[in-house]
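Source file: data.cif. Holds: mmCIF, C-alpha atoms.
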data_coords
#
loop_
_atom_site.label_atom_id
_atom_site.label_comp_id
_atom_site.auth_asym_id
_atom_site.auth_seq_id
_atom_site.Cartn_x
_atom_site.Cartn_y
_atom_site.Cartn_z
CA MET Q 1251 14.81 5.72 21.67
CA THR Q 1252 12.60 5.88 24.75
CA GLU Q 1253 11.68 2.73 26.63
CA ILE Q 1254 9.30 2.42 29.53
CA GLU Q 1255 8.85 -0.34 32.03
CA ILE Q 1256 5.48 -2.05 31.62
CA GLY Q 1257 6.27 -4.56 34.35
CA ARG Q 1258 9.36 -5.85 36.14
CA ALA Q 1259 10.11 -8.38 33.39
CA LYS Q 1260 9.35 -6.26 30.34
CA ARG Q 1261 10.21 -2.92 28.81
CA ALA Q 1262 8.58 -1.43 25.73
CA ARG Q 1263 9.64 1.16 23.19
CA THR Q 1264 7.39 4.17 22.76
CA ALA Q 1265 5.89 4.27 19.24
CA TYR Q 1266 3.62 6.74 17.50
CA GLY Q 1267 0.90 6.63 14.90
CA LEU Q 1268 0.20 9.27 12.28
CA ASP Q 1269 -2.57 10.66 14.50
CA ASP Q 1270 0.04 11.37 17.17
CA ILE Q 1271 2.14 13.78 15.10
CA ALA Q 1272 1.72 17.02 13.18
CA VAL Q 1273 3.80 18.87 10.60
CA VAL Q 1274 5.31 22.20 11.68
CA PRO Q 1275 5.19 25.26 9.37
CA SER Q 1276 8.48 26.99 8.63
CA ARG Q 1277 9.55 30.60 7.94
CA ARG Q 1278 8.95 30.21 4.19
CA THR Q 1279 5.76 29.54 2.20
CA ARG Q 1280 5.16 28.84 -1.48
CA GLU Q 1281 2.36 28.84 -4.00
CA PRO Q 1282 0.80 25.34 -4.16
CA GLU Q 1283 1.14 25.42 -7.95
CA ALA Q 1284 4.91 25.80 -7.56
CA VAL Q 1285 5.18 22.53 -5.60
CA SER Q 1286 6.11 19.23 -7.27
CA VAL Q 1287 4.54 16.03 -5.98
CA SER Q 1288 5.93 13.82 -8.76
CA TRP Q 1289 7.51 10.51 -7.83
CA ARG Q 1290 9.82 8.18 -9.75
CA VAL Q 1291 10.54 4.49 -9.28
CA ASP Q 1292 13.00 2.84 -11.64
CA ALA Q 1293 12.17 4.07 -15.16
CA TYR Q 1294 8.62 5.17 -14.30
CA THR Q 1295 7.62 8.68 -13.27
CA PHE Q 1296 4.23 9.48 -11.76
CA ASP Q 1297 2.53 12.81 -11.20
CA ALA Q 1298 1.25 11.79 -7.77
CA PRO Q 1299 2.96 9.68 -5.04
CA VAL Q 1300 -0.04 7.36 -4.75
CA LEU Q 1301 -0.43 3.64 -5.31
CA ALA Q 1302 -3.92 2.16 -5.06
CA ALA Q 1303 -3.82 -0.86 -2.76
CA PRO Q 1304 -4.26 -4.26 -4.41
CA MET Q 1305 -7.69 -4.93 -2.92
CA ASP Q 1306 -10.79 -6.04 -4.79
CA SER Q 1307 -12.85 -3.27 -3.20
CA VAL Q 1308 -10.46 -0.67 -4.64
CA VAL Q 1309 -8.80 -1.83 -7.86
CA SER Q 1310 -10.35 -3.39 -10.95
CA PRO Q 1311 -8.76 -3.19 -14.40
CA ALA Q 1312 -10.97 -0.18 -15.12
CA THR Q 1313 -10.04 1.70 -11.93
CA ALA Q 1314 -6.36 0.81 -12.40
CA ILE Q 1315 -6.53 2.56 -15.78
CA GLU Q 1316 -8.34 5.58 -14.33
CA ILE Q 1317 -5.91 5.93 -11.42
CA GLY Q 1318 -3.02 5.73 -13.89
CA ARG Q 1319 -4.57 8.49 -15.99
CA LEU Q 1320 -4.89 10.58 -12.85
CA GLY Q 1321 -1.15 10.32 -12.16
CA GLY Q 1322 -1.03 7.44 -9.70
CA VAL Q 1323 -0.52 3.68 -9.90
CA GLY Q 1324 -3.39 1.21 -9.66
CA VAL Q 1325 -2.07 -2.12 -8.35
CA LEU Q 1326 -4.31 -5.06 -9.32
CA ASP Q 1327 -4.54 -7.94 -6.86
CA LEU Q 1328 -3.73 -11.10 -8.81
CA ASP Q 1329 -4.83 -13.16 -5.79
CA GLY Q 1330 -8.27 -11.61 -6.05
CA LEU Q 1331 -11.53 -12.03 -7.89
CA TRP Q 1332 -10.32 -10.69 -11.23
CA THR Q 1333 -8.04 -13.70 -11.76
CA ARG Q 1334 -10.44 -16.26 -10.33
CA TYR Q 1335 -13.62 -15.42 -12.24
CA GLU Q 1336 -14.32 -14.42 -15.84
CA ASP Q 1337 -16.89 -11.89 -14.64
CA PRO Q 1338 -16.58 -10.99 -10.94
CA GLU Q 1339 -19.12 -8.15 -11.08
CA PRO Q 1340 -22.07 -10.27 -9.81
CA LEU Q 1341 -19.91 -11.46 -6.90
CA LEU Q 1342 -18.86 -7.90 -6.05
CA THR Q 1343 -22.53 -6.94 -5.95
CA GLU Q 1344 -23.30 -9.95 -3.76
CA ILE Q 1345 -20.50 -9.11 -1.31
CA ALA Q 1346 -21.83 -5.56 -1.00
CA GLU Q 1347 -25.32 -6.86 -0.20
CA LEU Q 1348 -24.41 -9.64 2.24
CA PRO Q 1349 -25.74 -9.39 5.82
CA ASP Q 1350 -22.93 -8.99 8.34
CA GLU Q 1351 -23.29 -12.49 9.79
CA ARG Q 1352 -22.74 -14.05 6.36
CA VAL Q 1353 -19.79 -11.98 5.17
CA THR Q 1354 -16.78 -13.96 6.39
CA PRO Q 1355 -17.97 -17.47 5.49
CA ARG Q 1356 -19.17 -16.31 2.07
CA LEU Q 1357 -15.89 -14.52 1.36
CA GLN Q 1358 -14.05 -17.72 2.23
CA GLU Q 1359 -16.23 -19.63 -0.25
CA ILE Q 1360 -15.87 -17.09 -3.05
CA TYR Q 1361 -12.09 -16.79 -2.74
CA ALA Q 1362 -11.64 -20.58 -2.66
CA ALA Q 1363 -11.91 -20.65 -6.47
CA PRO Q 1364 -8.55 -21.28 -8.17
CA ILE Q 1365 -6.45 -18.57 -9.81
CA ARG Q 1366 -6.37 -18.94 -13.60
CA GLU Q 1367 -3.24 -18.01 -15.52
CA GLU Q 1368 -5.19 -17.04 -18.62
CA LEU Q 1369 -7.07 -14.44 -16.56
CA ILE Q 1370 -3.78 -13.05 -15.23
CA ALA Q 1371 -2.71 -12.44 -18.82
CA ALA Q 1372 -6.11 -11.04 -19.81
CA ARG Q 1373 -6.30 -8.54 -16.94
CA ILE Q 1374 -2.76 -7.27 -17.42
CA ALA Q 1375 -3.42 -6.90 -21.15
CA GLU Q 1376 -6.59 -4.94 -20.40
CA ILE Q 1377 -4.71 -2.46 -18.21
CA ARG Q 1378 -1.89 -2.15 -20.72
CA ALA Q 1379 -4.41 -1.36 -23.44
CA GLY Q 1380 -5.47 1.60 -21.29
CA GLY Q 1381 -2.07 3.20 -21.90
CA VAL Q 1382 -0.91 3.35 -18.27
CA THR Q 1383 1.88 1.75 -16.24
CA VAL Q 1384 0.85 -1.80 -15.33
CA ALA Q 1385 1.34 -2.80 -11.68
CA ALA Q 1386 0.11 -6.06 -10.20
CA ALA Q 1387 0.52 -7.85 -6.89
CA LEU Q 1388 0.79 -11.39 -5.64
CA SER Q 1389 1.03 -12.68 -2.11
CA PRO Q 1390 4.37 -14.25 -1.11
CA MET Q 1391 2.85 -17.75 -1.03
CA ARG Q 1392 1.71 -17.51 -4.67
CA THR Q 1393 4.59 -15.53 -6.15
CA ALA Q 1394 6.73 -18.49 -7.19
CA ALA Q 1395 3.80 -20.27 -8.84
CA TYR Q 1396 2.50 -17.36 -10.92
CA ALA Q 1397 5.39 -14.92 -11.30
CA GLN Q 1398 6.40 -16.15 -14.75
CA ALA Q 1399 2.85 -15.75 -16.02
CA VAL Q 1400 2.79 -12.20 -14.66
CA VAL Q 1401 6.11 -11.25 -16.27
CA ASP Q 1402 5.18 -12.91 -19.57
CA ALA Q 1403 1.94 -10.92 -19.59
CA GLY Q 1404 3.96 -7.69 -19.56
CA VAL Q 1405 3.72 -6.25 -16.06
CA ASP Q 1406 5.77 -3.07 -15.52
CA ILE Q 1407 5.97 -3.10 -11.71
CA PHE Q 1408 5.71 -6.33 -9.70
CA VAL Q 1409 4.41 -6.01 -6.14
CA ILE Q 1410 4.82 -8.78 -3.55
CA ARG Q 1411 2.47 -7.81 -0.75
CA GLY Q 1412 1.58 -9.68 2.41
CA THR Q 1413 0.59 -8.89 5.95
CA THR Q 1414 4.26 -9.25 6.71
CA VAL Q 1415 7.08 -10.25 4.37
CA SER Q 1416 10.56 -11.20 5.50
CA ALA Q 1417 13.79 -12.12 3.79
CA GLU Q 1418 14.33 -14.95 6.30
CA HIS Q 1419 11.19 -17.10 6.36
CA VAL Q 1420 11.72 -20.40 8.21
CA SER Q 1421 9.64 -23.39 7.08
CA ARG Q 1422 8.89 -26.58 8.94
CA GLU Q 1423 10.72 -29.74 7.92
CA GLY Q 1424 9.17 -31.29 4.82
CA ALA Q 1425 7.36 -28.13 3.76
CA ALA Q 1426 7.89 -26.46 0.40
CA ALA Q 1427 10.98 -24.26 0.26
CA PRO Q 1428 10.16 -20.60 0.96
CA LEU Q 1429 10.51 -17.97 -1.72
CA ASN Q 1430 14.11 -16.79 -1.96
CA LEU Q 1431 13.47 -13.10 -2.51
CA LYS Q 1432 17.05 -12.23 -3.41
CA GLU Q 1433 17.29 -14.86 -6.14
CA PHE Q 1434 13.77 -14.14 -7.37
CA ILE Q 1435 14.22 -10.37 -7.65
CA TYR Q 1436 17.65 -10.74 -9.25
CA ALA Q 1437 16.17 -12.92 -12.00
CA LEU Q 1438 13.43 -10.44 -12.92
CA ASP Q 1439 13.76 -7.66 -15.46
CA VAL Q 1440 11.08 -5.49 -13.81
CA PRO Q 1441 11.23 -3.47 -10.58
CA VAL Q 1442 9.84 -5.24 -7.53
CA ILE Q 1443 8.13 -3.58 -4.57
CA VAL Q 1444 7.88 -5.84 -1.53
CA GLY Q 1445 6.35 -5.72 1.95
CA GLY Q 1446 4.92 -5.19 4.45
CA CYS Q 1447 7.46 -4.64 7.11
CA ALA Q 1448 7.52 -2.39 10.13
CA THR Q 1449 11.00 -2.49 11.65
CA TYR Q 1450 14.47 -1.23 10.78
CA GLN Q 1451 16.06 -4.68 10.60
CA ALA Q 1452 13.30 -6.31 8.54
CA ALA Q 1453 13.36 -3.39 6.09
CA LEU Q 1454 17.15 -3.51 5.75
CA HIS Q 1455 17.01 -7.21 4.91
CA LEU Q 1456 14.31 -6.60 2.28
CA MET Q 1457 16.38 -3.81 0.74
CA ARG Q 1458 19.32 -6.16 0.45
CA THR Q 1459 17.23 -8.49 -1.74
CA GLY Q 1460 17.31 -5.88 -4.51
CA ALA Q 1461 13.78 -4.55 -4.09
CA ALA Q 1462 13.07 -1.20 -5.73
CA GLY Q 1463 10.64 -0.29 -2.98
CA VAL Q 1464 9.54 -1.47 0.45
CA LEU Q 1465 5.97 -1.33 1.77
CA VAL Q 1466 5.73 -0.18 5.38
CA GLY Q 1467 2.83 -1.20 7.56
CA PHE Q 1468 1.47 -3.98 9.70
CA GLY Q 1469 -2.09 -4.26 10.94
CA GLY Q 1470 -3.02 -0.61 10.49
CA GLY Q 1471 -5.51 -0.69 7.61
CA ALA Q 1472 -9.17 0.25 7.94
CA ALA Q 1473 -10.32 -3.28 7.05
CA HIS Q 1474 -7.65 -5.14 9.06
CA THR Q 1475 -8.33 -6.97 12.31
CA THR Q 1476 -4.72 -8.17 12.59
CA SER Q 1477 -4.24 -6.48 15.94
CA ASP Q 1478 -7.39 -8.09 17.35
CA VAL Q 1479 -6.65 -11.55 15.93
CA LEU Q 1480 -2.86 -11.78 16.28
CA GLY Q 1481 -2.09 -9.02 18.76
CA VAL Q 1482 0.51 -7.65 16.35
CA ARG Q 1483 0.63 -4.00 15.22
CA VAL Q 1484 3.20 -1.23 14.82
CA PRO Q 1485 2.06 2.43 14.78
CA MET Q 1486 2.75 3.94 11.37
CA ALA Q 1487 4.71 7.10 12.16
CA SER Q 1488 7.35 5.13 14.05
CA ALA Q 1489 7.36 2.33 11.47
CA ILE Q 1490 7.92 4.72 8.55
CA ALA Q 1491 10.69 6.57 10.39
CA ASP Q 1492 12.44 3.31 11.27
CA VAL Q 1493 12.29 2.05 7.69
CA ALA Q 1494 13.48 5.44 6.40
CA ALA Q 1495 16.49 5.04 8.68
CA ALA Q 1496 17.14 1.63 7.11
CA ARG Q 1497 16.95 3.26 3.66
CA ARG Q 1498 19.54 5.86 4.71
CA ASP Q 1499 21.91 3.22 6.06
CA TYR Q 1500 21.41 0.94 3.07
CA LEU Q 1501 22.18 3.88 0.77
CA ASP Q 1502 25.61 4.10 2.40
CA GLU Q 1503 26.07 0.34 2.56
CA SER Q 1504 25.24 -0.19 -1.12
CA GLY Q 1505 27.22 2.74 -2.43
CA GLY Q 1506 24.25 4.85 -3.43
CA ARG Q 1507 21.35 2.51 -4.23
CA TYR Q 1508 18.10 4.22 -3.23
CA VAL Q 1509 15.12 2.10 -2.16
CA HIS Q 1510 11.70 3.76 -2.05
CA VAL Q 1511 9.70 3.68 1.17
CA ILE Q 1512 5.94 3.37 0.66
CA ALA Q 1513 3.54 3.82 3.57
CA ASP Q 1514 0.91 1.08 3.34
CA GLY Q 1515 -1.84 1.29 5.96
CA GLY Q 1516 -3.09 3.86 8.40
CA VAL Q 1517 -3.35 6.55 5.70
CA GLY Q 1518 -7.06 7.27 5.82
CA ARG Q 1519 -7.40 11.04 5.30
CA SER Q 1520 -5.61 13.66 3.26
CA GLY Q 1521 -3.70 14.96 6.30
CA ASP Q 1522 -2.11 11.55 6.80
CA ILE Q 1523 -0.25 11.78 3.48
CA PRO Q 1524 1.98 14.77 4.32
CA LYS Q 1525 2.62 13.27 7.76
CA ALA Q 1526 3.71 9.98 6.17
CA VAL Q 1527 6.07 11.82 3.80
CA ALA Q 1528 7.38 13.91 6.70
CA CYS Q 1529 8.31 10.67 8.48
CA GLY Q 1530 10.29 9.54 5.44
CA ALA Q 1531 7.86 7.96 2.96
CA ASP Q 1532 8.38 8.52 -0.76
CA ALA Q 1533 4.80 7.53 -1.59
CA VAL Q 1534 1.67 6.10 0.00
CA MET Q 1535 -0.45 3.06 -0.81
CA LEU Q 1536 -4.12 3.92 -0.34
CA GLY Q 1537 -7.03 1.59 0.31
CA SER Q 1538 -9.98 3.11 2.18
CA PRO Q 1539 -9.69 6.64 0.69
CA LEU Q 1540 -10.07 5.24 -2.83
CA ALA Q 1541 -12.71 2.69 -1.81
CA ARG Q 1542 -15.00 5.71 -1.30
CA ALA Q 1543 -14.94 6.48 -5.04
CA SER Q 1544 -18.09 6.07 -7.10
CA GLU Q 1545 -16.10 3.87 -9.54
CA ALA Q 1546 -14.69 1.61 -6.79
CA PRO Q 1547 -15.65 -2.04 -7.35
CA GLY Q 1548 -16.60 -2.45 -3.68
CA ARG Q 1549 -19.77 -0.33 -4.06
CA GLY Q 1550 -18.91 1.68 -0.95
CA TRP Q 1551 -17.71 -1.39 0.98
CA HIS Q 1552 -14.09 -2.23 1.69
CA TRP Q 1553 -12.27 -5.48 2.47
CA GLY Q 1554 -8.85 -7.01 1.96
CA ILE Q 1555 -7.55 -10.44 1.05
CA GLU Q 1556 -6.82 -11.04 4.76
CA ALA Q 1557 -10.58 -11.21 5.33
CA THR Q 1558 -10.84 -14.26 3.05
CA HIS Q 1559 -8.30 -16.56 4.72
CA PRO Q 1560 -9.84 -20.06 4.96
CA VAL Q 1561 -8.49 -20.79 8.45
CA LEU Q 1562 -7.71 -17.50 10.23
CA PRO Q 1563 -9.31 -14.43 8.62
CA ARG Q 1564 -7.74 -11.18 9.82
CA GLY Q 1565 -9.97 -8.62 8.18
CA GLU Q 1566 -13.55 -7.54 7.82
CA ARG Q 1567 -15.86 -5.87 5.37
CA VAL Q 1568 -16.42 -2.26 6.41
CA HIS Q 1569 -18.87 0.26 5.00
CA LEU Q 1570 -17.26 3.54 3.94
CA GLY Q 1571 -19.90 4.94 1.62
CA THR Q 1572 -19.22 7.00 -1.50
CA VAL Q 1573 -17.96 10.60 -1.49
CA GLY Q 1574 -17.10 11.32 -5.14
CA THR Q 1575 -15.26 10.19 -8.24
CA LEU Q 1576 -11.66 9.04 -8.28
CA ALA Q 1577 -10.73 12.33 -9.93
CA GLU Q 1578 -12.42 14.31 -7.16
CA ILE Q 1579 -10.89 12.19 -4.41
CA LEU Q 1580 -7.39 12.60 -5.80
CA HIS Q 1581 -7.48 16.08 -7.33
CA GLY Q 1582 -10.71 17.73 -6.22
CA PRO Q 1583 -12.51 19.95 -6.03
CA SER Q 1584 -13.55 18.85 -2.57
CA ARG Q 1585 -17.09 19.15 -1.28
CA ALA Q 1586 -16.17 18.03 2.23
CA ALA Q 1587 -13.90 19.35 4.96
CA ASP Q 1588 -13.06 15.96 6.46
CA GLY Q 1589 -9.98 15.00 4.41
CA THR Q 1590 -11.73 12.49 2.14
CA MET Q 1591 -11.35 14.48 -1.11
CA ASN Q 1592 -8.62 16.32 -3.05
CA LEU Q 1593 -5.85 14.30 -1.43
CA ILE Q 1594 -3.14 15.53 -3.78
CA GLY Q 1595 -4.30 19.13 -3.46
CA ALA Q 1596 -4.01 18.81 0.32
CA LEU Q 1597 -0.47 17.42 -0.01
CA ARG Q 1598 0.50 20.31 -2.27
CA ARG Q 1599 -0.91 22.85 0.15
CA ALA Q 1600 0.81 21.23 3.14
CA MET Q 1601 4.14 21.39 1.31
CA ALA Q 1602 3.51 24.96 0.20
CA THR Q 1603 2.51 26.03 3.70
CA THR Q 1604 5.79 24.69 5.07
CA GLY Q 1605 7.88 26.09 2.21
CA TYR Q 1606 9.10 22.89 0.54
CA SER Q 1607 9.23 22.46 -3.23
CA ASP Q 1608 9.35 18.67 -3.68
CA LEU Q 1609 8.80 15.44 -1.80
CA LYS Q 1610 12.46 14.75 -1.00
CA GLU Q 1611 12.82 18.19 0.55
CA PHE Q 1612 9.59 17.77 2.46
CA GLN Q 1613 10.94 14.66 4.19
CA ARG Q 1614 13.12 17.07 6.19
CA VAL Q 1615 10.18 19.05 7.59
CA GLU Q 1616 9.89 19.35 11.37
CA VAL Q 1617 7.21 17.33 13.14
CA VAL Q 1618 5.87 17.51 16.69
CA LEU Q 1619 3.93 15.20 18.91
CA SER Q 1620 0.39 16.47 18.95
CA ARG Q 1621 -1.16 14.05 21.46
#
Would it be possible to restate this file's structure as structure tokens?
Amino acid sequence: MTEIEIGRAKRARTAYGLDDIAVVPSRRTREPEAVSVSWRVDAYTFDAPVLAAPMDSVVSPATAIEIGRLGGVGVLDLDGLWTRYEDPEPLLTEIAELPDERVTPRLQEIYAAPIREELIAARIAEIRAGGVTVAAALSPMRTAAYAQAVVDAGVDIFVIRGTTVSAEHVSREGAAAPLNLKEFIYALDVPVIVGGCATYQAALHLMRTGAAGVLVGFGGGAAHTTSDVLGVRVPMASAIADVAAARRDYLDESGGRYVHVIADGGVGRSGDIPKAVACGADAVMLGSPLARASEAPGRGWHWGIEATHPVLPRGERVHLGTVGTLAEILHGPSRAADGTMNLIGALRRAMATTGYSDLKEFQRVEVVLSR
């Protein structure tokens, strides 16, 4: 671990983003068709190591079904519009057409509507009727209130996703007791994926709660302004590698329990996916790459729940445009050479070029600093 002095009273650790590293080819190559990119969490196996981020600009019940059919996992945001409004389509159109100066206050107004338990059940039932694995997310502050409704509705994978999630939240005196993740996860009969986190120690504590997977990332998404607002950010390559080290140590500590590491944020182009896996990720959670799909509910715009906070928004609406269908973005064929299409094909080719046959093997690939 390299530290540098940034002033007489402070030293800082050197950290790297995915843009700072590159994967190194080896002496062996393979045919891309001979490479496996399948991924398994608990009892569920997926053909592609991709989760669609629980963001209203990315995942609707319809796109969750389509992403599931394409081999990934569409995670519906149960804090979002689909559980607040019977028909959010007019609001999604309005958000896409808002002038920039009106976006944040209007988002705050729209997302002030209450979450309705009957809509949670209806949306989960809609995805289940599509014949795919049902994954849904709640923020930590709403998990205790709505978790039972989510489980009763038949969710397969429960995601607890926040800007940062810890196993040791400290509340002020008189405030509601924080969510006890260990007790909560132990009581559930479905696998839980929880995060984000960005450090070894935070990840280790989350793994000890019984989580099936940990989301890695803080402030690195395309629609996040967390770094500008809070001054907090951890570059993704270093964050993934640190959390992968926590997974290795927890594997020994627990006597063989494997916790999946999922890179969440900073994965904007196809080349970022093999680099995330090379750093130790088992899968990636994608926002902006899938927001460019013609089926995406954001209509070419992209925003996260952080942008809607009533007191301190930490996100913005960004225009990404549309490049193709979900099928083309995930599996091609690509009509662009900029890494926005055929994401899984690019991962296969990167693994084949370096001679690795599956994702676990590929985590051992050599990387270099490229900047």
Report as a ChimeraX atom specification the full result of the PyMOL selection byres ((chain Q and resi 1281) around 10) when it is applied to this structure. /Q:1279-1280,1282-1285,1598-1599,1601-1603,1605,1607
Ile1555 of chain Q surroundings by all atoms listed in the file, 12 Å radius, close-in-sequence under 5 positions cut, as JSON, numbers by chain: {"Q": [1303, 1304, 1305, 1306, 1307, 1308, 1327, 1328, 1329, 1330, 1331, 1354, 1357, 1358, 1360, 1361, 1362, 1387, 1388, 1389, 1411, 1412, 1413, 1471, 1473, 1474, 1475, 1560, 1562, 1563, 1564, 1565, 1566, 1567]}
Restricting the calculation to all atoms listed in the file: of Q:Gln1613, Q:Ser1620, Q:Ser1538, Q:Ser1544, which residue gets closest to Arg1519 of chain Q? Q:Ser1538
Between Q:Glu1368, Q:Arg1352, Q:Ile1345, Q:Ala1312, which residue has the minimum interatomic distance to Thr1333 of chain Q, considering all atoms listed in the file?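 When distances to Thr1333 of chain Q are compared using all atoms listed in the file, the smallest one comes from Q:Glu1368.
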Out of Q:Glu1344, Q:Asp1478, Q:Glu1611, Q:Asp1532, which residue has the shortest atom-to-atom distance to Val1291 of chain Q when counting only C-alpha atoms?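 So, comparing all the options, the nearest one is Q:Asp1532.
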Residue nearest Asp1499 of chain Q - candidates Q:Leu1480, Q:Leu1609, Q:Val1464, Q:Ala1453, atoms counted: all atoms listed in the file: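 That would be Q:Ala1453, the residue with the smallest distance to Asp1499 of chain Q.
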Fewer than 2 positions away in the same chain doesn't count, so skip those; otherwise give me all residues within 6 Å of Ala1462 of chain Q, counting only C-alpha atoms, as a short mmCIF file (atom, residue, chain, number, x, y, z; two decimals) with C-alpha atoms, in the frame of the given file.
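Written file, selection_34.cif:
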data_model
loop_
_atom_site.label_atom_id
_atom_site.label_comp_id
_atom_site.auth_asym_id
_atom_site.auth_seq_id
_atom_site.Cartn_x
_atom_site.Cartn_y
_atom_site.Cartn_z
CA PRO Q 1441 11.23 -3.47 -10.58
CA VAL Q 1442 9.84 -5.24 -7.53
CA ILE Q 1443 8.13 -3.58 -4.57
CA VAL Q 1509 15.12 2.10 -2.16
#
In Å, rounded to a single decimal, give me how far atom CA of Ile1435 of chain Q is from atom CA of Thr1459 of chain Q.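 Computing the Euclidean distance for atom CA of Thr1459 of chain Q and atom CA of Ile1435 of chain Q yields 6.9 Å.
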Could you check how far atom CA of Leu1268 of chain Q sits from atom CA of Gly1515 of chain Q, in Å to one decimal?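 Here the two named atoms are 10.4 Å from each other.
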Just the number, please: distance in Å from atom CA of Phe1296 of chain Q to atom CA of Gly1324 of chain Q, one decimal. 11.4 Å
Residue neighbourhood Val1534 of chain Q, 6 Å, only C-alpha atoms, exclusion window fewer than 6 positions, as a VMD selection string: chain Q and resid 1300 1512 to 1513
Would you write out those residues with C-alpha atoms, as an mmCIF file, in the frame of the given file?
data_model
loop_
_atom_site.group_PDB
_atom_site.id
_atom_site.type_symbol
_atom_site.label_atom_id
_atom_site.label_comp_id
_atom_site.auth_asym_id
_atom_site.auth_seq_id
_atom_site.Cartn_x
_atom_site.Cartn_y
_atom_site.Cartn_z
ATOM 1 C CA VAL Q 1300 -0.040 7.360 -4.750
ATOM 2 C CA ILE Q 1512 5.940 3.370 0.660
ATOM 3 C CA ALA Q 1513 3.540 3.820 3.570
#
Smallest atom-to-atom distance to Arg1319 of chain Q: which of Q:Leu1536, Q:Ile1370, Q:Val1384, Q:Ala1262, using all atoms listed in the file?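 Of the candidates, the smallest distance to Arg1319 of chain Q is held by Q:Val1384.
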Starting from the shown file, work through the PyMOL selection byres ((chain Q and resi 1576-1580) around 6) and note down what comes out as JSON, numbers by chain. {"Q": [1543, 1574, 1575, 1581, 1582, 1583, 1591, 1592, 1593, 1594]}
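Applied to the shown file, the PyMOL selection byres ((chain Q and resi 1404) around 8) selects the residues Ile1374, Ala1375, Val1384, Val1400, Val1401, Asp1402, Ala1403, Val1405 and Asp1406 of chain Q.
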Proximity to Leu1454 of chain Q - best of Q:Ser1477, Q:Asp1502, Q:Val1409, Q:Met1486, all atoms listed in the file: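 With all atoms listed in the file as the atom set, the closest residue is Q:Asp1502.
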Near Arg1542 of chain Q, within 7 Å and counting only C-alpha atoms, which residues show up once chain neighbours fewer than 4 positions away are dropped, as a PyMOL selection string? chain Q and resi 1538+1546+1550+1570-1573
Could you name the residues that touch Val1273 of chain Q at 10 Å or less, counting only C-alpha atoms, but leaving out those on the same chain fewer than 5 positions away, as a PyMOL selection string? chain Q and resi 1521+1524-1526+1528-1529+1600-1601+1604+1615-1620
Selected residues written out, C-alpha atoms, as an mmCIF file, keeping the file's coordinate frame:
data_model
loop_
_atom_site.group_PDB
_atom_site.id
_atom_site.type_symbol
_atom_site.label_atom_id
_atom_site.label_comp_id
_atom_site.auth_asym_id
_atom_site.auth_seq_id
_atom_site.Cartn_x
_atom_site.Cartn_y
_atom_site.Cartn_z
ATOM 1 C CA GLY Q 1521 -3.700 14.960 6.300
ATOM 2 C CA PRO Q 1524 1.980 14.770 4.320
ATOM 3 C CA LYS Q 1525 2.620 13.270 7.760
ATOM 4 C CA ALA Q 1526 3.710 9.980 6.170
ATOM 5 C CA ALA Q 1528 7.380 13.910 6.700
ATOM 6 C CA CYS Q 1529 8.310 10.670 8.480
ATOM 7 C CA ALA Q 1600 0.810 21.230 3.140
ATOM 8 C CA MET Q 1601 4.140 21.390 1.310
ATOM 9 C CA THR Q 1604 5.790 24.690 5.070
ATOM 10 C CA VAL Q 1615 10.180 19.050 7.590
ATOM 11 C CA GLU Q 1616 9.890 19.350 11.370
ATOM 12 C CA VAL Q 1617 7.210 17.330 13.140
ATOM 13 C CA VAL Q 1618 5.870 17.510 16.690
ATOM 14 C CA LEU Q 1619 3.930 15.200 18.910
ATOM 15 C CA SER Q 1620 0.390 16.470 18.950
#
